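The file protein13.txt contains compact mmCIF, C-alpha atoms and all ligand atoms:
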# COMPACT_ATOMS: atom_id res chain seq x y z
CA MET A 1 -9.07 -41.73 -13.27
CA GLU A 2 -6.98 -44.68 -12.07
CA LYS A 3 -6.62 -45.17 -8.31
CA ARG A 4 -4.45 -42.88 -6.19
CA ARG A 5 -1.64 -41.37 -8.22
CA LYS A 6 1.47 -40.43 -6.26
CA ILE A 7 2.19 -36.73 -6.41
CA ILE A 8 4.54 -34.07 -5.11
CA LEU A 9 3.21 -30.52 -5.17
CA ASP A 10 5.68 -27.66 -5.41
CA CYS A 11 3.91 -24.35 -4.87
CA ASP A 12 4.08 -20.70 -3.76
CA PRO A 13 0.73 -20.01 -2.00
CA GLY A 14 -0.88 -17.80 -3.21
CA HIS A 15 -4.68 -18.07 -3.33
CA ASP A 16 -4.88 -20.32 -6.36
CA ASP A 17 -2.05 -22.50 -5.02
CA ALA A 18 -4.11 -22.98 -1.85
CA ILE A 19 -6.90 -24.55 -3.90
CA ALA A 20 -4.36 -26.67 -5.77
CA ILE A 21 -3.26 -27.98 -2.35
CA LEU A 22 -6.88 -28.76 -1.46
CA LEU A 23 -7.30 -30.83 -4.64
CA ALA A 24 -3.90 -32.51 -4.38
CA GLY A 25 -4.74 -33.78 -0.90
CA GLN A 26 -7.87 -35.63 -2.05
CA ILE A 27 -7.18 -39.16 -0.85
CA ARG A 28 -9.75 -40.57 -3.28
CA TYR A 29 -7.38 -39.69 -6.11
CA PHE A 30 -3.91 -38.99 -4.80
CA ASP A 31 -1.20 -40.08 -2.46
CA LEU A 32 0.24 -36.63 -1.70
CA LEU A 33 3.84 -37.55 -0.82
CA ALA A 34 5.19 -34.08 -0.11
CA ILE A 35 4.60 -30.39 -0.48
CA THR A 36 7.55 -28.16 -1.27
CA THR A 37 7.48 -24.41 -1.44
CA CYS A 38 9.21 -21.81 -3.51
CA ALA A 39 9.49 -18.06 -3.44
CA GLY A 40 7.18 -16.44 -5.97
CA ASN A 41 3.89 -14.89 -4.95
CA GLN A 42 5.70 -13.92 -1.76
CA THR A 43 9.03 -14.54 -0.06
CA ILE A 44 9.92 -18.11 0.87
CA ASP A 45 9.04 -17.67 4.56
CA LYS A 46 5.58 -16.41 3.70
CA THR A 47 4.74 -18.96 0.98
CA SER A 48 5.99 -21.74 3.26
CA ARG A 49 3.84 -20.62 6.17
CA ASN A 50 0.87 -20.33 3.84
CA ALA A 51 1.38 -23.82 2.43
CA PHE A 52 1.72 -25.20 5.94
CA ASN A 53 -1.42 -23.41 7.15
CA VAL A 54 -3.57 -24.62 4.27
CA ALA A 55 -2.32 -28.21 4.41
CA ARG A 56 -2.73 -28.56 8.17
CA TYR A 57 -6.08 -26.73 8.21
CA LEU A 58 -7.33 -29.30 5.73
CA GLY A 59 -5.83 -32.12 7.79
CA PHE A 60 -3.04 -33.15 5.39
CA GLY A 61 -0.08 -34.65 7.26
CA CYS A 62 2.50 -34.97 4.47
CA PRO A 63 6.00 -33.50 4.92
CA ILE A 64 6.30 -29.85 3.92
CA ALA A 65 9.69 -28.39 3.04
CA LYS A 66 10.80 -24.84 2.44
CA GLY A 67 12.49 -24.55 -0.91
CA ALA A 68 14.71 -22.06 -2.69
CA THR A 69 14.82 -18.49 -1.41
CA LEU A 70 15.77 -17.01 -4.76
CA PRO A 71 15.40 -17.89 -8.44
CA LEU A 72 18.42 -19.39 -10.24
CA VAL A 73 19.55 -16.23 -12.04
CA GLN A 74 17.07 -13.43 -11.44
CA GLU A 75 16.36 -11.47 -8.31
CA LEU A 76 12.99 -12.38 -6.79
CA THR A 77 9.80 -10.67 -7.99
CA THR A 78 6.70 -11.16 -5.82
CA CYS A 79 3.01 -10.50 -6.45
CA PRO A 80 1.44 -8.64 -3.47
CA SER A 81 -1.10 -6.86 -5.69
CA VAL A 82 -2.98 -10.14 -6.19
CA HIS A 83 -2.08 -12.21 -3.11
CA GLY A 84 -1.50 -9.49 -0.51
CA GLU A 85 1.39 -8.83 1.88
CA SER A 86 1.03 -12.25 3.52
CA GLY A 87 0.81 -13.99 0.15
CA LEU A 88 -2.55 -15.40 1.25
CA ASP A 89 -4.62 -12.51 2.56
CA GLY A 90 -8.23 -13.14 3.57
CA PHE A 91 -8.35 -16.01 6.07
CA ASP A 92 -7.14 -16.34 9.65
CA PHE A 93 -5.64 -19.75 10.29
CA PRO A 94 -5.11 -21.23 13.76
CA ASN A 95 -1.61 -20.82 15.22
CA TYR A 96 0.22 -23.94 14.15
CA LYS A 97 3.66 -25.06 15.22
CA TYR A 98 5.54 -24.91 11.94
CA ASP A 99 7.34 -28.24 11.93
CA PHE A 100 8.78 -28.09 8.43
CA SER A 101 10.84 -30.94 7.05
CA PRO A 102 14.51 -30.52 7.99
CA LEU A 103 15.31 -30.93 4.28
CA ASN A 104 15.37 -28.14 1.77
CA GLY A 105 12.62 -28.34 -0.88
CA ALA A 106 14.94 -29.63 -3.62
CA ASP A 107 16.32 -32.29 -1.26
CA LEU A 108 12.85 -33.40 -0.19
CA ILE A 109 11.88 -33.71 -3.85
CA ILE A 110 14.97 -35.85 -4.45
CA LYS A 111 14.46 -38.07 -1.39
CA THR A 112 10.76 -38.54 -2.06
CA LEU A 113 11.36 -39.46 -5.68
CA LEU A 114 14.21 -41.89 -4.93
CA ASP A 115 11.96 -43.62 -2.35
CA ASN A 116 9.07 -43.96 -4.80
CA GLU A 117 8.24 -44.89 -8.38
CA ASP A 118 5.86 -43.39 -10.92
CA VAL A 119 5.47 -40.02 -9.22
CA THR A 120 3.82 -37.01 -10.85
CA VAL A 121 5.47 -33.71 -9.95
CA VAL A 122 3.11 -30.74 -10.11
CA THR A 123 4.47 -27.22 -9.90
CA THR A 124 2.25 -24.19 -9.42
CA GLY A 125 4.99 -21.61 -8.86
CA PRO A 126 8.40 -20.84 -10.34
CA MET A 127 10.19 -24.11 -11.05
CA THR A 128 13.34 -23.34 -9.07
CA ASN A 129 13.14 -26.36 -6.73
CA LEU A 130 12.50 -28.90 -9.46
CA ALA A 131 15.30 -27.45 -11.59
CA LEU A 132 17.70 -27.63 -8.65
CA ALA A 133 16.63 -31.20 -7.86
CA LEU A 134 17.23 -32.24 -11.48
CA ARG A 135 20.68 -30.68 -11.40
CA LEU A 136 21.59 -32.13 -8.00
CA GLU A 137 20.41 -35.67 -8.72
CA PRO A 138 19.52 -36.47 -12.34
CA LYS A 139 18.64 -40.04 -11.33
CA ILE A 140 15.32 -38.72 -10.06
CA LYS A 141 14.13 -38.62 -13.68
CA GLU A 142 13.64 -42.39 -13.62
CA HIS A 143 11.14 -41.98 -10.79
CA ILE A 144 9.05 -39.25 -12.40
CA ARG A 145 6.00 -40.26 -14.36
CA GLU A 146 5.36 -36.72 -15.61
CA VAL A 147 5.72 -33.09 -14.67
CA ILE A 148 2.65 -30.87 -14.86
CA PHE A 149 3.36 -27.18 -14.45
CA MET A 150 1.15 -24.11 -14.27
CA GLY A 151 3.00 -21.49 -16.20
CA GLY A 152 3.57 -19.93 -19.57
CA THR A 153 1.03 -19.38 -22.28
CA THR A 154 0.48 -19.95 -25.97
CA ASP A 155 -0.53 -16.31 -26.29
CA TYR A 156 0.11 -13.17 -24.22
CA GLY A 157 1.53 -12.75 -20.75
CA ASN A 158 0.25 -11.41 -17.45
CA VAL A 159 3.42 -9.70 -16.20
CA SER A 160 4.92 -8.59 -19.51
CA PRO A 161 3.52 -8.62 -23.04
CA ALA A 162 5.25 -11.95 -23.51
CA ALA A 163 5.56 -13.73 -20.19
CA GLU A 164 3.49 -15.37 -17.48
CA PHE A 165 4.43 -14.76 -13.82
CA ASN A 166 5.74 -18.21 -12.76
CA ILE A 167 8.00 -18.41 -15.78
CA LEU A 168 9.22 -14.82 -15.64
CA VAL A 169 10.21 -15.22 -11.98
CA ASP A 170 12.59 -18.03 -12.95
CA PRO A 171 12.91 -18.52 -16.72
CA GLU A 172 16.11 -20.54 -16.41
CA ALA A 173 14.42 -23.07 -14.12
CA CYS A 174 11.72 -23.56 -16.73
CA TYR A 175 14.45 -24.02 -19.35
CA ILE A 176 16.01 -26.85 -17.31
CA VAL A 177 12.66 -28.62 -16.93
CA LEU A 178 11.65 -28.25 -20.60
CA HIS A 179 15.03 -29.60 -21.71
CA SER A 180 15.13 -32.43 -19.16
CA GLY A 181 13.74 -35.10 -21.47
CA LEU A 182 10.93 -35.74 -18.98
CA LYS A 183 7.32 -36.00 -20.01
CA VAL A 184 6.18 -32.44 -19.34
CA LYS A 185 2.71 -30.90 -19.49
CA MET A 186 2.21 -27.15 -19.56
CA VAL A 187 -0.97 -25.59 -18.20
CA GLY A 188 -0.73 -21.98 -19.29
CA LEU A 189 -2.73 -18.78 -19.19
CA ASN A 190 -4.39 -19.60 -22.51
CA VAL A 191 -6.53 -22.15 -20.62
CA THR A 192 -6.41 -20.89 -17.03
CA ARG A 193 -7.89 -17.57 -18.19
CA LYS A 194 -11.08 -19.60 -18.79
CA ALA A 195 -11.21 -20.93 -15.19
CA LEU A 196 -12.87 -17.81 -13.87
CA VAL A 197 -13.89 -17.02 -10.31
CA ASN A 198 -16.92 -14.75 -10.02
CA LYS A 199 -19.48 -13.97 -7.34
CA GLU A 200 -21.75 -16.85 -8.42
CA ILE A 201 -18.93 -19.35 -8.03
CA ILE A 202 -18.07 -17.97 -4.59
CA ALA A 203 -21.74 -18.31 -3.58
CA LYS A 204 -21.68 -21.98 -4.66
CA VAL A 205 -18.51 -22.52 -2.62
CA ARG A 206 -20.02 -20.93 0.48
CA ALA A 207 -23.26 -22.90 0.10
CA ILE A 208 -21.29 -26.10 0.75
CA GLY A 209 -21.03 -24.88 4.32
CA ASN A 210 -18.07 -26.84 5.68
CA THR A 211 -14.63 -25.90 7.07
CA ALA A 212 -12.99 -26.02 3.65
CA SER A 213 -15.69 -23.94 1.99
CA ARG A 214 -15.29 -21.21 4.61
CA MET A 215 -11.56 -21.01 3.92
CA VAL A 216 -11.99 -21.12 0.13
CA GLY A 217 -14.87 -18.62 0.16
CA ASP A 218 -12.91 -16.10 2.23
CA LEU A 219 -9.78 -16.52 0.11
CA LEU A 220 -11.67 -16.19 -3.17
CA ASP A 221 -13.37 -12.99 -2.03
CA VAL A 222 -9.97 -11.32 -1.59
CA PHE A 223 -8.53 -12.93 -4.72
CA LEU A 224 -11.41 -11.64 -6.86
CA GLU A 225 -11.35 -8.17 -5.32
CA ASN A 226 -7.56 -7.85 -5.82
CA GLN A 227 -7.73 -8.93 -9.46
CA ILE A 228 -10.58 -6.53 -10.17
CA LYS A 229 -8.39 -3.73 -8.74
CA THR A 230 -5.15 -4.86 -10.39
CA PHE A 231 -6.27 -5.87 -13.87
CA GLY A 232 -9.63 -4.13 -14.17
CA ILE A 233 -11.34 -7.44 -14.93
CA LYS A 234 -14.70 -8.68 -13.63
CA GLU A 235 -13.78 -12.33 -13.11
CA ALA A 236 -10.50 -13.74 -11.81
CA PRO A 237 -8.61 -16.64 -13.40
CA LEU A 238 -7.92 -19.40 -10.88
CA HIS A 239 -4.78 -20.72 -12.52
CA ASP A 240 -3.10 -23.30 -10.33
CA PRO A 241 -5.83 -25.89 -9.59
CA VAL A 242 -6.26 -26.51 -13.32
CA THR A 243 -3.11 -28.69 -13.11
CA ILE A 244 -4.64 -31.06 -10.57
CA ALA A 245 -8.13 -30.91 -12.09
CA SER A 246 -6.61 -32.14 -15.37
CA MET A 247 -5.63 -35.34 -13.54
CA ILE A 248 -8.87 -35.83 -11.62
CA ASP A 249 -11.06 -35.46 -14.70
CA GLU A 250 -8.96 -36.11 -17.78
CA SER A 251 -11.71 -34.79 -20.04
CA CYS A 252 -11.49 -31.40 -18.37
CA VAL A 253 -8.31 -30.18 -20.10
CA THR A 254 -7.18 -31.01 -23.65
CA PHE A 255 -3.43 -31.36 -24.22
CA LYS A 256 -1.54 -31.54 -27.51
CA PRO A 257 2.17 -32.21 -28.05
CA TYR A 258 4.30 -29.33 -29.34
CA ASN A 259 7.85 -28.14 -29.24
CA VAL A 260 8.10 -25.57 -26.45
CA ASP A 261 11.08 -23.47 -25.49
CA VAL A 262 11.44 -20.59 -23.10
CA ASP A 263 13.14 -17.32 -23.96
CA ILE A 264 16.14 -16.87 -21.66
CA SER A 265 17.71 -14.09 -23.73
CA HIS A 266 17.02 -11.32 -21.16
CA GLY A 267 15.39 -9.22 -23.91
CA PRO A 268 11.79 -7.91 -24.02
CA SER A 269 10.42 -11.44 -24.42
CA TYR A 270 12.41 -12.87 -21.52
CA GLY A 271 10.34 -15.68 -19.96
CA ARG A 272 8.07 -16.17 -22.96
CA THR A 273 7.10 -19.79 -23.65
CA ASN A 274 7.39 -20.22 -27.40
CA VAL A 275 4.94 -22.92 -28.42
CA ASP A 276 5.57 -24.06 -32.00
CA MET A 277 1.91 -24.67 -32.82
CA PHE A 278 2.49 -24.90 -36.58
CA ASP A 279 5.68 -26.97 -36.29
CA TYR A 280 7.76 -24.34 -38.06
CA LEU A 281 10.96 -25.49 -36.43
CA LYS A 282 10.55 -29.25 -36.95
CA GLN A 283 11.92 -29.83 -33.47
CA GLU A 284 11.13 -32.58 -30.99
CA LYS A 285 7.68 -32.25 -29.40
CA ASN A 286 8.95 -31.98 -25.84
CA CYS A 287 5.78 -30.77 -24.12
CA PHE A 288 2.08 -31.53 -23.94
CA VAL A 289 0.43 -28.13 -23.97
CA ALA A 290 -3.03 -27.47 -22.56
CA ILE A 291 -5.01 -25.94 -25.39
CA ASP A 292 -8.57 -26.08 -24.09
CA ILE A 293 -10.54 -26.44 -20.87
CA ASP A 294 -14.12 -27.37 -20.08
CA SER A 295 -14.76 -24.71 -17.44
CA GLU A 296 -17.92 -26.34 -16.14
CA LYS A 297 -16.11 -29.62 -15.54
CA PHE A 298 -13.29 -27.71 -13.88
CA TRP A 299 -15.63 -26.06 -11.38
CA ASN A 300 -17.34 -29.38 -10.71
CA VAL A 301 -13.97 -30.87 -9.78
CA VAL A 302 -13.24 -27.94 -7.44
CA LEU A 303 -16.68 -27.94 -5.81
CA ASP A 304 -16.64 -31.75 -5.40
CA GLY A 305 -13.20 -31.43 -3.82
CA ILE A 306 -14.44 -28.89 -1.29
CA LYS A 307 -17.42 -31.13 -0.43
CA GLU A 308 -15.02 -33.87 0.70
CA PHE A 309 -14.29 -32.04 3.97
CA ASN A 310 -16.36 -31.79 7.14
C1 LIG B 401 0.54 -17.76 -11.56
O1 LIG B 401 1.12 -16.67 -10.87
C2 LIG B 401 0.78 -16.69 -9.52
O2 LIG B 401 0.48 -15.41 -9.06
C3 LIG B 401 -0.36 -17.65 -9.37
O3 LIG B 401 -0.33 -18.31 -8.11
C4 LIG B 401 -0.17 -18.62 -10.52
O4 LIG B 401 0.67 -19.70 -10.15
C5 LIG B 401 -0.36 -17.22 -12.65
O5 LIG B 401 0.38 -16.45 -13.55
CA CA B 402 1.19 -20.15 -7.85

As structure tokens, how would this structure be written, given the file I've shared?
Amino acid sequence: MEKRRKIILDCDPGHDDAIAILLAGQIRYFDLLAITTCAGNQTIDKTSRNAFNVARYLGFGCPIAKGATLPLVQELTTCPSVHGESGLDGFDFPNYKYDFSPLNGADLIIKTLLDNEDVTVVTTGPMTNLALALRLEPKIKEHIREVIFMGGTTDYGNVSPAAEFNILVDPEACYIVLHSGLKVKMVGLNVTRKALVNKEIIAKVRAIGNTASRMVGDLLDVFLENQIKTFGIKEAPLHDPVTIASMIDESCVTFKPYNVDVDISHGPSYGRTNVDMFDYLKQEKNCFVAIDIDSEKFWNVVLDGIKEFN
């Protein structure tokens, strides 16, 4: 990977978001310009506190801004069954003074982009903030190298037969991003379902034996337990860090260009990402879609990332 890509991470921590933050703050690879938060896994106050706790615990000093309280059209749906009442159950952080950016998330995205060039925007929650930023100041497009979002799927959903959580929380925001003309990459459930946390992985995390591994180990214990209870599965997909891992090791995730649209019809497939894999529609290929992942490489990226801390 080339040296130090500039990134903004928009997230809704969330256990898997927390590990996306850990990878995004790796100074070997990235200049993490800002973290913005959205409501999703929990309410905006909770996801913002969680993002702040994780970033400061890991020693990341970038500005952190609270973003949108509600999706563009829908009422908010949260996900306590997986992430708990706090949105990040399982680890006790020190009591920090929450000095958030005075800007709203969308405004911090806009300011950061206008002050910089060639920035990658990664979203690991509903895309409300990015959609708002694009609507408020379309000039930001010139400063974005690409958008990489965790969301959607080429196959079946995890909150409805058709839809993935991040997209179903705010389908209209996803619509704005997919139709923005930006270079967009989608990292969906069809690959993240192969990035599985199990007890062996957690043991490898804990064996690292540093401050970061203690946090990640404790969080993954709860994440795994909650997913076993909620979905009746034995291993838990760690969705969000796949976005960042795809940048750190480009051979880890395979992307192919397709036409992708999101169903905003409010019917049974509301929030479904329709990926035209056989080019039936002969439409512009507006999205690079993750179609495969090398799970071993993915876990190497995560474990190497954790080893970077004291
Ligand atoms: C997505 O939903 C959230 O619960 C996770 O943090 C991830 O971003 C997976 O569908
Ligand atoms: Ca998330």

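The two atoms in question, CA of Ser180 (chain A) and CA of Asp12 (chain A), are spaced 22.3 Å apart.
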
| field | Point-to-point distance from CA of Gly152 (chain A) to CA of Leu219 (chain A), Å rounded to tenths | value | 24.0 Å

Can you list, as a PDB file with C-alpha atoms, keeping the file's coordinate frame, every protein, DNA or RNA residue that comes within 12 Å of region 289-298 of chain A when you count only C-alpha atoms, leaving out same-chain residues fewer than 5 positions away?
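Generated file (selection26.pdb):
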ATOM      1  CA  LEU A  23      -7.300 -30.830  -4.640  1.00  0.00           C
ATOM      2  CA  VAL A 147       5.720 -33.090 -14.670  1.00  0.00           C
ATOM      3  CA  ILE A 148       2.650 -30.870 -14.860  1.00  0.00           C
ATOM      4  CA  PHE A 149       3.360 -27.180 -14.450  1.00  0.00           C
ATOM      5  CA  MET A 150       1.150 -24.110 -14.270  1.00  0.00           C
ATOM      6  CA  GLY A 151       3.000 -21.490 -16.200  1.00  0.00           C
ATOM      7  CA  GLY A 152       3.570 -19.930 -19.570  1.00  0.00           C
ATOM      8  CA  THR A 153       1.030 -19.380 -22.280  1.00  0.00           C
ATOM      9  CA  THR A 154       0.480 -19.950 -25.970  1.00  0.00           C
ATOM     10  CA  ASP A 155      -0.530 -16.310 -26.290  1.00  0.00           C
ATOM     11  CA  LEU A 178      11.650 -28.250 -20.600  1.00  0.00           C
ATOM     12  CA  LYS A 183       7.320 -36.000 -20.010  1.00  0.00           C
ATOM     13  CA  VAL A 184       6.180 -32.440 -19.340  1.00  0.00           C
ATOM     14  CA  LYS A 185       2.710 -30.900 -19.490  1.00  0.00           C
ATOM     15  CA  MET A 186       2.210 -27.150 -19.560  1.00  0.00           C
ATOM     16  CA  VAL A 187      -0.970 -25.590 -18.200  1.00  0.00           C
ATOM     17  CA  GLY A 188      -0.730 -21.980 -19.290  1.00  0.00           C
ATOM     18  CA  LEU A 189      -2.730 -18.780 -19.190  1.00  0.00           C
ATOM     19  CA  ASN A 190      -4.390 -19.600 -22.510  1.00  0.00           C
ATOM     20  CA  VAL A 191      -6.530 -22.150 -20.620  1.00  0.00           C
ATOM     21  CA  THR A 192      -6.410 -20.890 -17.030  1.00  0.00           C
ATOM     22  CA  ARG A 193      -7.890 -17.570 -18.190  1.00  0.00           C
ATOM     23  CA  LYS A 194     -11.080 -19.600 -18.790  1.00  0.00           C
ATOM     24  CA  ALA A 195     -11.210 -20.930 -15.190  1.00  0.00           C
ATOM     25  CA  LEU A 196     -12.870 -17.810 -13.870  1.00  0.00           C
ATOM     26  CA  VAL A 197     -13.890 -17.020 -10.310  1.00  0.00           C
ATOM     27  CA  ILE A 201     -18.930 -19.350  -8.030  1.00  0.00           C
ATOM     28  CA  PRO A 237      -8.610 -16.640 -13.400  1.00  0.00           C
ATOM     29  CA  LEU A 238      -7.920 -19.400 -10.880  1.00  0.00           C
ATOM     30  CA  HIS A 239      -4.780 -20.720 -12.520  1.00  0.00           C
ATOM     31  CA  ASP A 240      -3.100 -23.300 -10.330  1.00  0.00           C
ATOM     32  CA  PRO A 241      -5.830 -25.890  -9.590  1.00  0.00           C
ATOM     33  CA  VAL A 242      -6.260 -26.510 -13.320  1.00  0.00           C
ATOM     34  CA  THR A 243      -3.110 -28.690 -13.110  1.00  0.00           C
ATOM     35  CA  ILE A 244      -4.640 -31.060 -10.570  1.00  0.00           C
ATOM     36  CA  ALA A 245      -8.130 -30.910 -12.090  1.00  0.00           C
ATOM     37  CA  SER A 246      -6.610 -32.140 -15.370  1.00  0.00           C
ATOM     38  CA  MET A 247      -5.630 -35.340 -13.540  1.00  0.00           C
ATOM     39  CA  ILE A 248      -8.870 -35.830 -11.620  1.00  0.00           C
ATOM     40  CA  ASP A 249     -11.060 -35.460 -14.700  1.00  0.00           C
ATOM     41  CA  GLU A 250      -8.960 -36.110 -17.780  1.00  0.00           C
ATOM     42  CA  SER A 251     -11.710 -34.790 -20.040  1.00  0.00           C
ATOM     43  CA  CYS A 252     -11.490 -31.400 -18.370  1.00  0.00           C
ATOM     44  CA  VAL A 253      -8.310 -30.180 -20.100  1.00  0.00           C
ATOM     45  CA  THR A 254      -7.180 -31.010 -23.650  1.00  0.00           C
ATOM     46  CA  PHE A 255      -3.430 -31.360 -24.220  1.00  0.00           C
ATOM     47  CA  LYS A 256      -1.540 -31.540 -27.510  1.00  0.00           C
ATOM     48  CA  PRO A 257       2.170 -32.210 -28.050  1.00  0.00           C
ATOM     49  CA  TYR A 258       4.300 -29.330 -29.340  1.00  0.00           C
ATOM     50  CA  ASN A 259       7.850 -28.140 -29.240  1.00  0.00           C
ATOM     51  CA  VAL A 260       8.100 -25.570 -26.450  1.00  0.00           C
ATOM     52  CA  ASP A 261      11.080 -23.470 -25.490  1.00  0.00           C
ATOM     53  CA  THR A 273       7.100 -19.790 -23.650  1.00  0.00           C
ATOM     54  CA  ASN A 274       7.390 -20.220 -27.400  1.00  0.00           C
ATOM     55  CA  VAL A 275       4.940 -22.920 -28.420  1.00  0.00           C
ATOM     56  CA  ASP A 276       5.570 -24.060 -32.000  1.00  0.00           C
ATOM     57  CA  MET A 277       1.910 -24.670 -32.820  1.00  0.00           C
ATOM     58  CA  LEU A 303     -16.680 -27.940  -5.810  1.00  0.00           C
ATOM     59  CA  ASP A 304     -16.640 -31.750  -5.400  1.00  0.00           C
ATOM     60  CA  GLY A 305     -13.200 -31.430  -3.820  1.00  0.00           C
TER      61      GLY A 305
END

| query | Can I get the residues close to ligand LIG 401 (chain B) as a VMD selection string, where close means within 8 Å and we count only C-alpha atoms and all ligand atoms? | reply | chain A and resid 11 to 17 40 to 41 79 82 to 83 124 to 126 150 to 152 158 to 159 164 to 166 189 238 to 240

| query | Residues at most 10 Å from Pro268 (chain A), counting only C-alpha atoms, excluding those fewer than 4 positions away in the same chain, as a list in words? | reply |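 So the residues in contact are Ser160, Pro161, Ala162, Ala163, Asp263 and Arg272 of chain A.
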
| request: Have a look at A:Ala236, A:Leu130, A:Leu113, A:Ile208 and name the one nearest to Leu220 (chain A); count only C-alpha atoms. | output: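 With only C-alpha atoms as the atom set, the closest residue is A:Ala236.
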
| task | Record the distance separating CA of Asn95 (chain A) and CA of Arg49 (chain A), expressed in Å with one decimal. | result |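 We find that CA of Asn95 (chain A) and CA of Arg49 (chain A) lie 10.6 Å from each other.
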
| Restricting the calculation to only C-alpha atoms and all ligand atoms, which member of A:Leu114, A:Ser86, A:Ala212, A:Thr37 is positioned closest to ligand CA 402 (chain B)? |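 Counting only C-alpha atoms and all ligand atoms, the residue closest to ligand CA 402 (chain B) is A:Thr37.
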
| Closest of A:Gly59, A:Gly87, A:Gly67, A:Gly271 to ligand CA 402 (chain B) - atom-to-atom distances counting all atoms listed in the file |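 Between A:Gly59, A:Gly87, A:Gly67, A:Gly271, the residue approaching ligand CA 402 (chain B) most closely is A:Gly87.
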
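With distances taken over all atoms listed in the file, A:Asp10 is the one residue among A:Asp10, A:Lys3, A:Thr112, A:Lys97 lying closest to ligand CA 402 (chain B).
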
| Pick the closest to Asp45 (chain A) from A:Glu75, A:Glu117, A:Glu85, A:Asp31: which is it, counting all atoms listed in the file? | A:Glu85

| task | Rank nothing, just name the residue among A:Leu108, A:Ile21, A:Leu132, A:Ala39 nearest to Ile306 (chain A), using all atoms listed in the file. | result |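 Looking at the shortest contact to Ile306 (chain A), the residue is A:Ile21.
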
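Excluding Glu137 (chain A) itself and any same-chain residue fewer than 2 positions from it, the protein and nucleic acid residues within 12 Å of it, counting only C-alpha atoms, are Ala106, Asp107, Leu108, Ile109, Ile110, Lys111, Leu113, Leu114, Asn129, Leu130, Ala131, Leu132, Ala133, Leu134, Arg135, Lys139, Ile140, Lys141, Glu142 and His143 of chain A.
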
Within 12 Å of (15.1, -34.1, -32.8), in the coordinates the file gives, what residues turn up when you count all atoms listed in the file, written out as a PDB file with C-alpha atoms, in the frame of the given file?
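selection_12.pdb, freshly written:
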ATOM      1  CA  HIS A 179      15.030 -29.600 -21.710  1.00  0.00           C
ATOM      2  CA  GLY A 181      13.740 -35.100 -21.470  1.00  0.00           C
ATOM      3  CA  ASN A 259       7.850 -28.140 -29.240  1.00  0.00           C
ATOM      4  CA  LEU A 281      10.960 -25.490 -36.430  1.00  0.00           C
ATOM      5  CA  LYS A 282      10.550 -29.250 -36.950  1.00  0.00           C
ATOM      6  CA  GLN A 283      11.920 -29.830 -33.470  1.00  0.00           C
ATOM      7  CA  GLU A 284      11.130 -32.580 -30.990  1.00  0.00           C
ATOM      8  CA  LYS A 285       7.680 -32.250 -29.400  1.00  0.00           C
ATOM      9  CA  ASN A 286       8.950 -31.980 -25.840  1.00  0.00           C
TER      10      ASN A 286
END

| query | Using all atoms listed in the file, what residues lie at most 9 Å away from (13.8, -14.2, -14.1) (file coordinates), given as a VMD selection string? | reply | chain A and resid 71 to 77 167 to 173 264 266 270 to 271

Output C-alpha atoms for every residue in that selection, as an mmCIF file, in the frame of the given file.
data_model
loop_
_atom_site.group_PDB
_atom_site.id
_atom_site.type_symbol
_atom_site.label_atom_id
_atom_site.label_comp_id
_atom_site.auth_asym_id
_atom_site.auth_seq_id
_atom_site.Cartn_x
_atom_site.Cartn_y
_atom_site.Cartn_z
ATOM 1 C CA PRO A 71 15.400 -17.890 -8.440
ATOM 2 C CA LEU A 72 18.420 -19.390 -10.240
ATOM 3 C CA VAL A 73 19.550 -16.230 -12.040
ATOM 4 C CA GLN A 74 17.070 -13.430 -11.440
ATOM 5 C CA GLU A 75 16.360 -11.470 -8.310
ATOM 6 C CA LEU A 76 12.990 -12.380 -6.790
ATOM 7 C CA THR A 77 9.800 -10.670 -7.990
ATOM 8 C CA ILE A 167 8.000 -18.410 -15.780
ATOM 9 C CA LEU A 168 9.220 -14.820 -15.640
ATOM 10 C CA VAL A 169 10.210 -15.220 -11.980
ATOM 11 C CA ASP A 170 12.590 -18.030 -12.950
ATOM 12 C CA PRO A 171 12.910 -18.520 -16.720
ATOM 13 C CA GLU A 172 16.110 -20.540 -16.410
ATOM 14 C CA ALA A 173 14.420 -23.070 -14.120
ATOM 15 C CA ILE A 264 16.140 -16.870 -21.660
ATOM 16 C CA HIS A 266 17.020 -11.320 -21.160
ATOM 17 C CA TYR A 270 12.410 -12.870 -21.520
ATOM 18 C CA GLY A 271 10.340 -15.680 -19.960
#

| task | Write out as a ChimeraX atom specification the residues lying within 7 Å of Phe60 (chain A), counting all atoms listed in the file and excluding same-chain residues fewer than 3 positions away. | result | /A:25,55-56

How about saving the chosen residues, C-alpha atoms kept, as a PDB file, in the coordinates of the input?
ATOM      1  CA  GLY A  25      -4.740 -33.780  -0.900  1.00  0.00           C
ATOM      2  CA  ALA A  55      -2.320 -28.210   4.410  1.00  0.00           C
ATOM      3  CA  ARG A  56      -2.730 -28.560   8.170  1.00  0.00           C
TER       4      ARG A  56
END
